[in-house]
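A short write-up of the structure that comes next.
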Amino acid sequence: MYIRSNNKPDIIIIGAGIIGLSIAYNLLEIDPKLSITLLEKEKLLGIGSTGKCTGSISYQLSSPLQRRLSLLSRDFFRNFDAVFDTPSWYWEKGHLLLADNEGLLKDLQSISVQADADNIPMNLMNQEELQREFPYLHRDRFLGGAFCSWDAYADPYAVLAALYSVVRRKGVGVYFEHEVRKIIIDGDTIKGVETRQGVFQSPLVVNAAGPHAAQLAEMSGLTLKIQPYRRQVYVCTNPKDVPKASPTIMDLSSGFYLHQETSGKTVLLGGTDKYTWPGLQETVDKSVAEDFFMTTMEIIPSTLDIKWLRTYTGLCELTPDFHPIVGEASGLKGMFFANGFSGHGFMHAPAIGRILADLILKGSTDQIDASLLHPDRFLKENP
Ligand SMILES: Cc1cc2nc3c(=O)[nH]c(=O)nc-3n(C[C@H](O)[C@H](O)[C@H](O)COP(=O)(O)OP(=O)(O)OC[C@H]3O[C@@H](n4cnc5c(N)ncnc54)[C@H](O)[C@@H]3O)c2cc1C
């Protein structure tokens, strides 16, 4: 393997998804002189999970840690157009969470108390209010719900492309079709990575490989508690009685969601496959479509008449506690992780980029208690 003379950057980031690019962006915000190389196995931007992402940004989250990551990311999305001089199509159109049993209703009440303490505007709704404001929902199915006007949408590809263009302009070398096949280690220290095109040397390597994170970690003999799961998305025409600018709707019981696209003409439906088996398989499974649409009609009856236009799948990488794994590997100096976003990687990418940049360059961060994100937390539970 040969080493090209320019292939000795300060930092190598593996994966040019939203996380890898946010880390590069934040590293340069702290130290503009850094030399950074981004290695991406695909030919184009956005082939990984980020390109499949719905673009939801949520604050009505049961985990205080997840809510903190949303709050830390809020200004990035709100100021995006002015900072990057390009639209992200950010839109605070709200999310409506629906509860069809007393247990879920109590969960919503408890989240709303915590959200209130975080100054997040989360409003509980009773059955009557739901029926009045959202007459297209199945009439008696839901006991109540919650609505947050901060919950928003931004276009994942627009954000990805803007970050890409800024980091390229600031000198980051982005190499497409460069799959990392080996991590080079000397004792307990990272030395670089190997691709088919040659070796890239660096004392600092970041694993931002999305659903492939655990595979990549294995190359350096490390186990990451992350498993990828397939998510199937149905693109359909908008149900006739769902008005334009409708909030994103989520049924907590089944996992079902309806996300109306900005045009108001089409919707993305999905979410009922939250209990599938792990794996990197991304083929569409049409055999589950009938059950899916049955569930859909039990939530929004007018979906009986919608047109199913197409289906695609993407991979979500889950950790056992649904919190991300961010930090330096114990026992392997210079190897950093930013993985396991459990379906929240887009909305939390701004915060994660900043946190990891702090950890790499300063050894600590004032954004969050970083020990909550460290990979070793699972060792403590199962020594
Ligand atoms: C259907 C769907 C809907 C979603 N909706 C939302 C949502 O509404 N809101 C939200 O916040 N999140 C959502 N998510 C989750 C979100 O998309 C992810 O958490 C986020 O995109 C993860 O970003 P990433 O950069 O870690 O991964 P990716 O975007 O997958 O990027 C990782 C990159 O690493 C590259 N790579 C992998 N291995 C190697 C290697 N060996 N060498 C070089 N390159 C490599 C890959 O090709 C890929 O480009 C959704 C996910 C799916 C599947």
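Going by the structure tokens order, chains are called A, B, ..., each with residues numbered from 1, while ligands are numbered from 1 in the order shown.
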Which residues of chain A come within 6 Å of ligand 1, and what is each one's closest atom pair and distance in Å (one decimal), counting only C-alpha atoms and all ligand atoms, sorted by chain and residue number, as CSV?
```
residue,atom,partner,partner_atom_place_in_ligand_line,distance
A:Ile14,CA,ligand 1,43 (C),5.1
A:Gly15,CA,ligand 1,34 (O),3.2
A:Ala16,CA,ligand 1,33 (C),5.0
A:Gly17,CA,ligand 1,25 (O),3.3
A:Ile18,CA,ligand 1,25 (O),4.1
A:Ile19,CA,ligand 1,25 (O),3.8
A:Gly20,CA,ligand 1,25 (O),5.5
A:Leu39,CA,ligand 1,43 (C),5.2
A:Glu40,CA,ligand 1,44 (N),3.7
A:Lys41,CA,ligand 1,43 (C),3.9
A:Glu42,CA,ligand 1,47 (O),5.1
A:Ile47,CA,ligand 1,49 (O),5.6
A:Gly48,CA,ligand 1,30 (O),3.6
A:Ser49,CA,ligand 1,30 (O),3.8
A:Thr50,CA,ligand 1,21 (O),3.3
A:Lys52,CA,ligand 1,1 (C),5.1
A:Cys53,CA,ligand 1,4 (C),3.6
A:Thr54,CA,ligand 1,8 (O),3.9
A:Gly55,CA,ligand 1,8 (O),4.1
A:Ser56,CA,ligand 1,8 (O),3.6
A:Ile57,CA,ligand 1,9 (N),5.7
A:His178,CA,ligand 1,43 (C),5.8
A:Glu179,CA,ligand 1,42 (N),3.6
A:Val180,CA,ligand 1,42 (N),3.9
A:Arg181,CA,ligand 1,41 (N),5.9
A:Ala208,CA,ligand 1,26 (O),5.4
A:Ala209,CA,ligand 1,34 (O),3.5
A:Gly210,CA,ligand 1,27 (O),3.5
A:Pro211,CA,ligand 1,30 (O),5.8
A:His212,CA,ligand 1,38 (N),5.0
A:Leu216,CA,ligand 1,41 (N),5.9
A:Arg231,CA,ligand 1,1 (C),5.2
A:Gly314,CA,ligand 1,53 (C),3.7
A:Leu315,CA,ligand 1,53 (C),4.1
A:Cys316,CA,ligand 1,53 (C),4.7
A:Asn339,CA,ligand 1,26 (O),5.8
A:Phe341,CA,ligand 1,19 (O),4.8
A:Gly343,CA,ligand 1,15 (C),3.8
A:His344,CA,ligand 1,11 (O),3.4
A:Gly345,CA,ligand 1,19 (O),3.0
A:Phe346,CA,ligand 1,11 (O),3.5
A:Met347,CA,ligand 1,11 (O),3.8
```
**Q.** Residues within 6 Å of Tyr257 in chain A, only C-alpha atoms, excluding chain neighbours under 6 positions, as a ChimeraX atom specification
**A.** /A:249-250,269-271
Considering only C-alpha atoms, tabulate each residue of range 261-356 of chain A that lies at most 12 Å from range 223-230 of chain A along with its nearest interatomic pair and the corresponding distance in Å to one decimal; arrange the rows by chain and ascending residue number and present them as JSON lines.
```
{"residue": "A:Gly270", "atom": "CA", "partner": "A:Arg230", "partner_atom": "CA", "distance": 11.5}
{"residue": "A:Gly271", "atom": "CA", "partner": "A:Arg230", "partner_atom": "CA", "distance": 10.6}
{"residue": "A:Thr272", "atom": "CA", "partner": "A:Arg230", "partner_atom": "CA", "distance": 11.3}
{"residue": "A:Asp273", "atom": "CA", "partner": "A:Arg230", "partner_atom": "CA", "distance": 8.0}
{"residue": "A:Lys274", "atom": "CA", "partner": "A:Tyr229", "partner_atom": "CA", "distance": 8.2}
{"residue": "A:Tyr275", "atom": "CA", "partner": "A:Tyr229", "partner_atom": "CA", "distance": 8.7}
{"residue": "A:Thr276", "atom": "CA", "partner": "A:Tyr229", "partner_atom": "CA", "distance": 6.8}
{"residue": "A:Trp277", "atom": "CA", "partner": "A:Tyr229", "partner_atom": "CA", "distance": 6.6}
{"residue": "A:Pro278", "atom": "CA", "partner": "A:Tyr229", "partner_atom": "CA", "distance": 4.8}
{"residue": "A:Gly279", "atom": "CA", "partner": "A:Pro228", "partner_atom": "CA", "distance": 5.6}
{"residue": "A:Leu280", "atom": "CA", "partner": "A:Pro228", "partner_atom": "CA", "distance": 6.2}
{"residue": "A:Gln281", "atom": "CA", "partner": "A:Arg230", "partner_atom": "CA", "distance": 6.8}
{"residue": "A:Glu282", "atom": "CA", "partner": "A:Arg230", "partner_atom": "CA", "distance": 6.2}
{"residue": "A:Thr283", "atom": "CA", "partner": "A:Arg230", "partner_atom": "CA", "distance": 8.7}
{"residue": "A:Val284", "atom": "CA", "partner": "A:Arg230", "partner_atom": "CA", "distance": 9.2}
{"residue": "A:Asp285", "atom": "CA", "partner": "A:Arg230", "partner_atom": "CA", "distance": 10.0}
{"residue": "A:Tyr312", "atom": "CA", "partner": "A:Arg230", "partner_atom": "CA", "distance": 10.1}
{"residue": "A:Thr313", "atom": "CA", "partner": "A:Arg230", "partner_atom": "CA", "distance": 6.5}
{"residue": "A:Gly314", "atom": "CA", "partner": "A:Arg230", "partner_atom": "CA", "distance": 5.7}
{"residue": "A:Leu315", "atom": "CA", "partner": "A:Arg230", "partner_atom": "CA", "distance": 4.6}
{"residue": "A:Cys316", "atom": "CA", "partner": "A:Tyr229", "partner_atom": "CA", "distance": 5.3}
{"residue": "A:Glu317", "atom": "CA", "partner": "A:Pro228", "partner_atom": "CA", "distance": 4.1}
{"residue": "A:Leu318", "atom": "CA", "partner": "A:Gln227", "partner_atom": "CA", "distance": 5.4}
{"residue": "A:Thr319", "atom": "CA", "partner": "A:Ile226", "partner_atom": "CA", "distance": 4.8}
{"residue": "A:Pro320", "atom": "CA", "partner": "A:Lys225", "partner_atom": "CA", "distance": 7.0}
{"residue": "A:Asp321", "atom": "CA", "partner": "A:Lys225", "partner_atom": "CA", "distance": 9.7}
{"residue": "A:Phe322", "atom": "CA", "partner": "A:Ile226", "partner_atom": "CA", "distance": 9.5}
{"residue": "A:His323", "atom": "CA", "partner": "A:Ile226", "partner_atom": "CA", "distance": 10.3}
{"residue": "A:Pro324", "atom": "CA", "partner": "A:Ile226", "partner_atom": "CA", "distance": 9.2}
{"residue": "A:Ile325", "atom": "CA", "partner": "A:Leu224", "partner_atom": "CA", "distance": 8.4}
{"residue": "A:Val326", "atom": "CA", "partner": "A:Leu224", "partner_atom": "CA", "distance": 10.9}
{"residue": "A:Gly327", "atom": "CA", "partner": "A:Leu224", "partner_atom": "CA", "distance": 11.9}
{"residue": "A:Ala329", "atom": "CA", "partner": "A:Leu224", "partner_atom": "CA", "distance": 9.8}
{"residue": "A:Ser330", "atom": "CA", "partner": "A:Thr223", "partner_atom": "CA", "distance": 11.3}
{"residue": "A:Phe336", "atom": "CA", "partner": "A:Leu224", "partner_atom": "CA", "distance": 11.7}
{"residue": "A:Phe337", "atom": "CA", "partner": "A:Leu224", "partner_atom": "CA", "distance": 9.2}
{"residue": "A:Ala338", "atom": "CA", "partner": "A:Leu224", "partner_atom": "CA", "distance": 10.9}
{"residue": "A:Asn339", "atom": "CA", "partner": "A:Ile226", "partner_atom": "CA", "distance": 8.0}
{"residue": "A:Gly340", "atom": "CA", "partner": "A:Ile226", "partner_atom": "CA", "distance": 5.8}
{"residue": "A:Phe341", "atom": "CA", "partner": "A:Ile226", "partner_atom": "CA", "distance": 9.3}
{"residue": "A:Ser342", "atom": "CA", "partner": "A:Ile226", "partner_atom": "CA", "distance": 9.0}
{"residue": "A:Gly343", "atom": "CA", "partner": "A:Tyr229", "partner_atom": "CA", "distance": 10.1}
```
Q: Using only C-alpha atoms, pick whichever of A:Leu97, A:Ala152, A:Ile352, A:Ala217 has the shortest atom-to-atom distance to Leu130 in chain A.
A: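 The closest residue to Leu130 in chain A is A:Leu97.
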Q | Non-local contacts of range 296-302 of chain A (6 Å; only C-alpha atoms; under 5 positions in same chain excluded) as number ranges by chain | A | A: 137-138, 239
**Q.** DSSP helix (DSSP H, G or I) selection over range 67-105 of chain A, as a list in words
**A.**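 Checking each residue of range 67-105 of chain A, the helix (DSSP H, G or I) ones are Arg67, Arg68, Leu69, Ser70, Leu71, Leu72, Ser73, Arg74, Asp75, Phe76, Phe77, Arg78, Asn79, Phe80, Asp81, Ala82, Val83, Phe84, Glu102, Gly103, Leu104 and Leu105 of chain A.
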Q: Based on DSSP run over this structure's backbone, return all residues of range 114-337 of chain A in strand (DSSP E), as number ranges by chain.
A: A: 122-126, 144-148, 152-153, 173-175, 180-186, 189-195, 198-201, 205-207, 227-237, 248-251, 257-260, 266-270, 308-318, 325-328, 335-337
As an mmCIF file with C-alpha atoms, in the first residue's frame, please: the residues near Cys236 in chain A (cut-off 12 Å, only C-alpha atoms, same-chain neighbours under 5 positions excluded).
```cif
data_model
loop_
_atom_site.group_PDB
_atom_site.id
_atom_site.type_symbol
_atom_site.label_atom_id
_atom_site.label_comp_id
_atom_site.auth_asym_id
_atom_site.auth_seq_id
_atom_site.Cartn_x
_atom_site.Cartn_y
_atom_site.Cartn_z
ATOM 1 C CA LEU A 258 -47.801 10.752 8.457
ATOM 2 C CA HIS A 259 -45.458 13.442 7.219
ATOM 3 C CA GLN A 260 -46.978 15.776 4.672
ATOM 4 C CA GLU A 261 -44.476 17.014 2.114
ATOM 5 C CA GLY A 264 -49.228 19.377 0.425
ATOM 6 C CA LYS A 265 -49.828 16.971 -2.455
ATOM 7 C CA THR A 266 -47.939 13.935 -1.186
ATOM 8 C CA VAL A 267 -47.285 12.316 2.183
ATOM 9 C CA LEU A 268 -44.652 9.982 3.584
ATOM 10 C CA LEU A 269 -46.189 7.206 5.672
ATOM 11 C CA GLY A 270 -44.331 4.680 7.803
ATOM 12 C CA PHE A 293 -52.423 0.217 5.049
ATOM 13 C CA THR A 296 -53.237 3.511 8.364
ATOM 14 C CA THR A 303 -56.334 6.907 3.494
ATOM 15 C CA LEU A 304 -58.671 4.296 1.962
ATOM 16 C CA ASP A 305 -58.695 6.483 -1.162
ATOM 17 C CA ILE A 306 -55.046 7.528 -1.407
ATOM 18 C CA LYS A 307 -52.753 6.424 -4.227
ATOM 19 C CA TRP A 308 -49.645 4.465 -3.253
ATOM 20 C CA LEU A 309 -46.958 6.001 -5.481
ATOM 21 C CA ARG A 310 -43.736 4.267 -4.426
ATOM 22 C CA THR A 311 -41.845 2.710 -1.526
ATOM 23 C CA TYR A 312 -38.274 3.034 -0.344
#
```
Q) CA of Arg68 in chain A and CA of Ser371 in chain A are how many Å apart? A)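 Interatomic distance here is 14.3 Å.
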Q) Of the residues A:Pro243, A:Gly198, A:Gly363, A:Gly334, which is the one nearest to Tyr136 in chain A, using only C-alpha atoms? A)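 The answer is A:Pro243, which sits nearest to Tyr136 in chain A.
Between Ile120 in chain A and the residues A:Ala161, A:Val167, A:Leu71, A:Ala214, the shortest atom-to-atom distance, using only C-alpha atoms, involves A:Leu71.
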